[in-house]
Amino acid sequence: MTLVSSKQILLDAYHNHYAVGAFNCNNMEIVQGIIAAAAQERAPVIIQASQGALKYAGLEYIVALIRTAAAEYPEVPLVMHLDHGTDFAQVLACMEAGFTSVMIDASKLPMAENIDLTRKIVEIAHPKGISVEAEIGKIGGTEDQVSVSEKEAAYTDPQEAVEFVRATGCDSLAVAVGTAHGQYVGPVKLNYDLLEQIHQQVEIPIVLHGSSGVPAEMLREAITRGVSKVNIDTDLRAAFVNKIHQVLQENPDEIDPRLVLGPARAALQEVVAEKIRIFGSNDKI
Ligand code: G3H
Ligand code: 13P
Ligand code: ZN
């Protein structure tokens with residue numbers, strides 16, 4: 001199998017009540033860890049790169065790494081996805097470079113502008129067979145200094161979601177229902193009723209961002225209420241870098257990067273495999 005669009009794998013997840021893991025990458029070891037876990041678990045998978053990842057590694061390196069992963073594991077349905085694209089020109093550049101799926105995140109703009117920009121991207125992406133994820137509501141980060149009432153005000157409104165999906169033709173929708181990017185300080189609270197309402201009304205796959213640190217049973221519950229794509233970054237960063245700390249603590253004189261990054265890659269692979277089993281996307285290929 002070559003690279004596929006998100007739509008191709010998310011519709012199966014949507015209809016069969018599991019979710020596909022979307023894991024952020026920044027370098028070769030992370031790409032290798034993710035694809036090895038997907039192959040081990042026989043799972044479709046999305047490898048995604050943020051604007052920060054593209055800046056760090058370079059667009060062409062990211063494309064080449066994910067293409068290499070696809071070629072090495074032809075049995076794994078693999079998506080090359082842009083995470084939180086906010087810049088029209090950059091989203092276009094990713095599509096030109098070979099991404100099979102893009103997220104246009106115009107959620108910070110007023111609704112009418114979010115619709116306009118998302119629709120423009122959809123009009124360009126769809127004829128190329130590229131799927132589009134969009135966002136309404138504001139997911140934000142755990143570091144954002146906002147009160148509970150401000151957070152709830154930023155939640156996705158189901159009626160707006162219906163209008164947004166109808167007006168833009170996007171393929172999947174990222175929603176704000178209580179998760180936040182980064183490490184949680186207190187307990188995670190998800191508004192399941194809101195999620196259920198959005199799911200019943202929009203009738204396209206829902207994406208849960210900020211899913212690191214969300215307990216497994218909460219993720220499973222969210223998946224039964226329409227979440228078909230689960231984004232994980234922070235938990236991978238922690239697994240990778242904590243293992244590097246551990247190796248260097250045990251071997252302070254180690255200077256061979258392979259002996260430091262190899263165990264980090266294996267630790268990340270283990271976390272990805274565990275997430276895949278929680279999402280129920282294992283044994284699907
Ligand atoms: O949603 C954000 C992702 O975790 C990417 O983070 O922009 O630091 O690469 P980043
Ligand atoms: P976490 O870093 O909280 O897992 O969020 C990842 C994400 O939503 C990427 O878009
Ligand atoms: Zn996100």
# chains A, B, ... in the order shown; residues from 1 in each chain; ligands from 1

call {"tool": "residues_near_ligand", "arguments": {"ligand": "ligand 3", "cutoff": "8 Å", "atoms": "only C-alpha atoms and all ligand atoms", "output": "PyMOL selection string"}}
result
chain A and resi 83-84+139+181+208-210+231

call {"tool": "select_by_dssp", "arguments": {"residues": "stretch 112-247 of chain A", "states": "helix (DSSP H, G or I)", "output": "PyMOL selection string"}}
result
chain A and resi 112-128+148-153+158-168+192-202+216-224+234-247

call {"tool": "residues_near_ligand", "arguments": {"ligand": "ligand 1", "cutoff": "10 Å", "atoms": "only C-alpha atoms and all ligand atoms", "output": "PyMOL selection string"}}
result
chain A and resi 23-26+48-56+83-85+139-141+180-182+209-212+231-237

call {"tool": "closest_residue", "arguments": {"among": "A:Leu219, A:Ala39, A:Leu259, A:Val214", "to": "ligand 2", "atoms": "only C-alpha atoms and all ligand atoms"}}
result
A:Val214

call {"tool": "closest_residue", "arguments": {"among": "A:Leu261, A:Val207, A:Ala176, A:Met111", "to": "A:Glu160", "atoms": "only C-alpha atoms"}}
result
A:Met111

call {"tool": "closest_residue", "arguments": {"among": "A:Val230, A:Ile62, A:Ile130, A:Val162", "to": "ligand 2", "atoms": "only C-alpha atoms and all ligand atoms"}}
result
A:Val230

call {"tool": "residues_around", "arguments": {"residues": "A:Ala222", "least_positions_apart": "3", "cutoff": "9 Å", "atoms": "only C-alpha atoms", "output": "compact mmCIF listing (two decimals) with C-alpha atoms, in the first residue's frame"}}
result
# COMPACT_ATOMS: atom_id res chain seq x y z
CA LEU A 190 -14.31 15.74 28.86
CA TYR A 192 -19.13 13.61 26.64
CA LEU A 195 -19.19 15.26 22.00
CA GLU A 196 -22.18 12.99 21.47
CA LEU A 208 -9.62 14.63 19.43
CA GLU A 217 -10.94 4.65 29.73
CA MET A 218 -11.77 8.27 28.87
CA LEU A 219 -10.31 7.84 25.41
CA ARG A 225 -19.06 8.87 21.05
CA GLY A 226 -17.71 9.50 17.58
CA VAL A 227 -13.99 10.24 17.88

call {"tool": "residues_around", "arguments": {"residues": "A:Gln197", "least_positions_apart": "3", "cutoff": "10 Å", "atoms": "only C-alpha atoms", "output": "ChimeraX atom specification"}}
result
/A:157-159,192-194,200-202,225-226

call {"tool": "write_last_selection", "arguments": {"atoms": "N, CA, C and O atoms", "output": "PDB file, in the first residue's frame"}}
result
ATOM      1  N   ASP A 157     -19.575  24.525  19.333  1.00  0.00           N
ATOM      2  CA  ASP A 157     -21.038  24.568  19.365  1.00  0.00           C
ATOM      3  C   ASP A 157     -21.573  23.613  18.284  1.00  0.00           C
ATOM      4  O   ASP A 157     -21.203  23.743  17.111  1.00  0.00           O
ATOM      5  N   PRO A 158     -22.437  22.641  18.664  1.00  0.00           N
ATOM      6  CA  PRO A 158     -22.881  21.630  17.689  1.00  0.00           C
ATOM      7  C   PRO A 158     -23.557  22.236  16.452  1.00  0.00           C
ATOM      8  O   PRO A 158     -23.319  21.787  15.333  1.00  0.00           O
ATOM      9  N   GLN A 159     -24.393  23.246  16.654  1.00  0.00           N
ATOM     10  CA  GLN A 159     -25.091  23.840  15.513  1.00  0.00           C
ATOM     11  C   GLN A 159     -24.111  24.538  14.567  1.00  0.00           C
ATOM     12  O   GLN A 159     -24.202  24.402  13.349  1.00  0.00           O
ATOM     13  N   TYR A 192     -18.674  14.700  27.505  1.00  0.00           N
ATOM     14  CA  TYR A 192     -19.134  13.608  26.639  1.00  0.00           C
ATOM     15  C   TYR A 192     -20.463  13.938  25.962  1.00  0.00           C
ATOM     16  O   TYR A 192     -20.696  13.545  24.822  1.00  0.00           O
ATOM     17  N   ASP A 193     -21.347  14.627  26.695  1.00  0.00           N
ATOM     18  CA  ASP A 193     -22.660  14.948  26.106  1.00  0.00           C
ATOM     19  C   ASP A 193     -22.488  15.836  24.887  1.00  0.00           C
ATOM     20  O   ASP A 193     -23.143  15.639  23.856  1.00  0.00           O
ATOM     21  N   LEU A 194     -21.604  16.820  25.029  1.00  0.00           N
ATOM     22  CA  LEU A 194     -21.343  17.726  23.909  1.00  0.00           C
ATOM     23  C   LEU A 194     -20.743  16.955  22.730  1.00  0.00           C
ATOM     24  O   LEU A 194     -21.163  17.131  21.575  1.00  0.00           O
ATOM     25  N   GLN A 200     -23.606  13.179  16.637  1.00  0.00           N
ATOM     26  CA  GLN A 200     -24.925  12.869  16.047  1.00  0.00           C
ATOM     27  C   GLN A 200     -25.262  13.829  14.920  1.00  0.00           C
ATOM     28  O   GLN A 200     -25.897  13.464  13.941  1.00  0.00           O
ATOM     29  N   GLN A 201     -24.813  15.086  15.066  1.00  0.00           N
ATOM     30  CA  GLN A 201     -25.263  16.096  14.101  1.00  0.00           C
ATOM     31  C   GLN A 201     -24.333  16.274  12.901  1.00  0.00           C
ATOM     32  O   GLN A 201     -24.806  16.553  11.811  1.00  0.00           O
ATOM     33  N   VAL A 202     -23.017  16.143  13.081  1.00  0.00           N
ATOM     34  CA  VAL A 202     -22.140  16.471  11.936  1.00  0.00           C
ATOM     35  C   VAL A 202     -21.943  15.316  10.954  1.00  0.00           C
ATOM     36  O   VAL A 202     -21.663  15.541   9.782  1.00  0.00           O
ATOM     37  N   ARG A 225     -18.207   7.719  21.360  1.00  0.00           N
ATOM     38  CA  ARG A 225     -19.063   8.872  21.050  1.00  0.00           C
ATOM     39  C   ARG A 225     -18.561   9.631  19.823  1.00  0.00           C
ATOM     40  O   ARG A 225     -18.712  10.844  19.730  1.00  0.00           O
ATOM     41  N   GLY A 226     -17.958   8.922  18.902  1.00  0.00           N
ATOM     42  CA  GLY A 226     -17.715   9.501  17.579  1.00  0.00           C
ATOM     43  C   GLY A 226     -16.309   9.963  17.259  1.00  0.00           C
ATOM     44  O   GLY A 226     -16.058  10.431  16.153  1.00  0.00           O
TER      45      GLY A 226
END

call {"tool": "decode", "arguments": {"residues": "stretch 43-73 of chain A", "atoms": "N, CA, C and O atoms", "output": "mmCIF file, in the first residue's frame"}}
result
data_model
loop_
_atom_site.group_PDB
_atom_site.id
_atom_site.type_symbol
_atom_site.label_atom_id
_atom_site.label_comp_id
_atom_site.auth_asym_id
_atom_site.auth_seq_id
_atom_site.Cartn_x
_atom_site.Cartn_y
_atom_site.Cartn_z
ATOM 1 N N ALA A 43 -1.990 -2.040 12.247
ATOM 2 C CA ALA A 43 -2.919 -0.913 12.366
ATOM 3 C C ALA A 43 -2.671 0.139 11.288
ATOM 4 O O ALA A 43 -1.511 0.432 10.967
ATOM 5 N N PRO A 44 -3.758 0.728 10.761
ATOM 6 C CA PRO A 44 -3.563 1.920 9.923
ATOM 7 C C PRO A 44 -3.047 3.024 10.828
ATOM 8 O O PRO A 44 -3.328 3.017 12.033
ATOM 9 N N VAL A 45 -2.308 3.978 10.270
ATOM 10 C CA VAL A 45 -1.735 5.008 11.142
ATOM 11 C C VAL A 45 -1.552 6.324 10.385
ATOM 12 O O VAL A 45 -1.399 6.331 9.165
ATOM 13 N N ILE A 46 -1.593 7.412 11.159
ATOM 14 C CA ILE A 46 -1.355 8.739 10.592
ATOM 15 C C ILE A 46 -0.075 9.277 11.228
ATOM 16 O O ILE A 46 0.031 9.334 12.459
ATOM 17 N N ILE A 47 0.892 9.637 10.376
ATOM 18 C CA ILE A 47 2.081 10.328 10.894
ATOM 19 C C ILE A 47 1.912 11.787 10.508
ATOM 20 O O ILE A 47 1.703 12.122 9.341
ATOM 21 N N GLN A 48 1.942 12.655 11.520
ATOM 22 C CA GLN A 48 1.675 14.057 11.236
ATOM 23 C C GLN A 48 2.848 14.942 11.639
ATOM 24 O O GLN A 48 3.598 14.637 12.564
ATOM 25 N N ALA A 49 2.968 16.054 10.905
ATOM 26 C CA ALA A 49 4.038 17.019 11.183
ATOM 27 C C ALA A 49 3.401 18.375 11.401
ATOM 28 O O ALA A 49 2.548 18.811 10.616
ATOM 29 N N SER A 50 3.811 19.024 12.472
ATOM 30 C CA SER A 50 3.328 20.377 12.755
ATOM 31 C C SER A 50 4.176 21.389 11.984
ATOM 32 O O SER A 50 5.222 21.029 11.423
ATOM 33 N N GLN A 51 3.759 22.630 12.017
ATOM 34 C CA GLN A 51 4.573 23.678 11.382
ATOM 35 C C GLN A 51 5.942 23.741 12.050
ATOM 36 O O GLN A 51 6.956 23.968 11.399
ATOM 37 N N GLY A 52 5.962 23.514 13.378
ATOM 38 C CA GLY A 52 7.222 23.518 14.123
ATOM 39 C C GLY A 52 8.128 22.375 13.667
ATOM 40 O O GLY A 52 9.344 22.540 13.559
ATOM 41 N N ALA A 53 7.532 21.218 13.391
ATOM 42 C CA ALA A 53 8.312 20.065 12.914
ATOM 43 C C ALA A 53 8.896 20.356 11.539
ATOM 44 O O ALA A 53 10.053 20.013 11.255
ATOM 45 N N LEU A 54 8.094 21.005 10.684
ATOM 46 C CA LEU A 54 8.571 21.328 9.331
ATOM 47 C C LEU A 54 9.719 22.333 9.405
ATOM 48 O O LEU A 54 10.676 22.262 8.640
ATOM 49 N N LYS A 55 9.607 23.265 10.353
ATOM 50 C CA LYS A 55 10.661 24.265 10.518
ATOM 51 C C LYS A 55 11.940 23.591 11.037
ATOM 52 O O LYS A 55 13.044 23.889 10.592
ATOM 53 N N TYR A 56 11.769 22.655 11.957
ATOM 54 C CA TYR A 56 12.917 21.985 12.575
ATOM 55 C C TYR A 56 13.638 21.066 11.590
ATOM 56 O O TYR A 56 14.858 21.133 11.426
ATOM 57 N N ALA A 57 12.847 20.176 10.950
ATOM 58 C CA ALA A 57 13.472 19.131 10.121
ATOM 59 C C ALA A 57 13.569 19.538 8.653
ATOM 60 O O ALA A 57 14.424 19.030 7.923
ATOM 61 N N GLY A 58 12.674 20.417 8.206
ATOM 62 C CA GLY A 58 12.615 20.773 6.784
ATOM 63 C C GLY A 58 11.545 19.931 6.100
ATOM 64 O O GLY A 58 11.447 18.719 6.346
ATOM 65 N N LEU A 59 10.761 20.574 5.263
ATOM 66 C CA LEU A 59 9.648 19.889 4.576
ATOM 67 C C LEU A 59 10.125 18.659 3.806
ATOM 68 O O LEU A 59 9.529 17.579 3.909
ATOM 69 N N GLU A 60 11.214 18.815 3.054
ATOM 70 C CA GLU A 60 11.651 17.702 2.196
ATOM 71 C C GLU A 60 12.132 16.500 3.016
ATOM 72 O O GLU A 60 11.922 15.356 2.622
ATOM 73 N N TYR A 61 12.760 16.766 4.166
ATOM 74 C CA TYR A 61 13.198 15.657 5.022
ATOM 75 C C TYR A 61 11.987 14.912 5.576
ATOM 76 O O TYR A 61 11.958 13.675 5.606
ATOM 77 N N ILE A 62 10.989 15.677 6.034
ATOM 78 C CA ILE A 62 9.794 15.034 6.602
ATOM 79 C C ILE A 62 9.112 14.173 5.535
ATOM 80 O O ILE A 62 8.750 13.010 5.780
ATOM 81 N N VAL A 63 8.959 14.734 4.338
ATOM 82 C CA VAL A 63 8.314 13.984 3.250
ATOM 83 C C VAL A 63 9.120 12.721 2.942
ATOM 84 O O VAL A 63 8.557 11.626 2.820
ATOM 85 N N ALA A 64 10.428 12.868 2.844
ATOM 86 C CA ALA A 64 11.263 11.709 2.502
ATOM 87 C C ALA A 64 11.208 10.632 3.588
ATOM 88 O O ALA A 64 11.144 9.433 3.295
ATOM 89 N N LEU A 65 11.182 11.057 4.840
ATOM 90 C CA LEU A 65 11.126 10.087 5.948
ATOM 91 C C LEU A 65 9.819 9.301 5.924
ATOM 92 O O LEU A 65 9.803 8.076 6.079
ATOM 93 N N ILE A 66 8.707 10.021 5.727
ATOM 94 C CA ILE A 66 7.404 9.329 5.767
ATOM 95 C C ILE A 66 7.221 8.464 4.514
ATOM 96 O O ILE A 66 6.701 7.346 4.590
ATOM 97 N N ARG A 67 7.724 8.952 3.374
ATOM 98 C CA ARG A 67 7.668 8.117 2.153
ATOM 99 C C ARG A 67 8.494 6.850 2.344
ATOM 100 O O ARG A 67 8.103 5.767 1.906
ATOM 101 N N THR A 68 9.615 6.968 2.999
ATOM 102 C CA THR A 68 10.473 5.799 3.230
ATOM 103 C C THR A 68 9.764 4.800 4.140
ATOM 104 O O THR A 68 9.819 3.586 3.921
ATOM 105 N N ALA A 69 9.072 5.345 5.150
ATOM 106 C CA ALA A 69 8.305 4.464 6.055
ATOM 107 C C ALA A 69 7.232 3.715 5.269
ATOM 108 O O ALA A 69 7.017 2.516 5.467
ATOM 109 N N ALA A 70 6.556 4.421 4.365
ATOM 110 C CA ALA A 70 5.491 3.789 3.551
ATOM 111 C C ALA A 70 6.079 2.692 2.675
ATOM 112 O O ALA A 70 5.482 1.618 2.524
ATOM 113 N N ALA A 71 7.248 2.948 2.123
ATOM 114 C CA ALA A 71 7.868 1.960 1.229
ATOM 115 C C ALA A 71 8.357 0.748 2.011
ATOM 116 O O ALA A 71 8.281 -0.387 1.546
ATOM 117 N N GLU A 72 8.831 0.983 3.240
ATOM 118 C CA GLU A 72 9.356 -0.128 4.029
ATOM 119 C C GLU A 72 8.244 -1.038 4.552
ATOM 120 O O GLU A 72 8.434 -2.226 4.732
ATOM 121 N N TYR A 73 7.073 -0.434 4.809
ATOM 122 C CA TYR A 73 5.948 -1.222 5.352
ATOM 123 C C TYR A 73 4.733 -1.059 4.444
ATOM 124 O O TYR A 73 3.753 -0.414 4.822
#
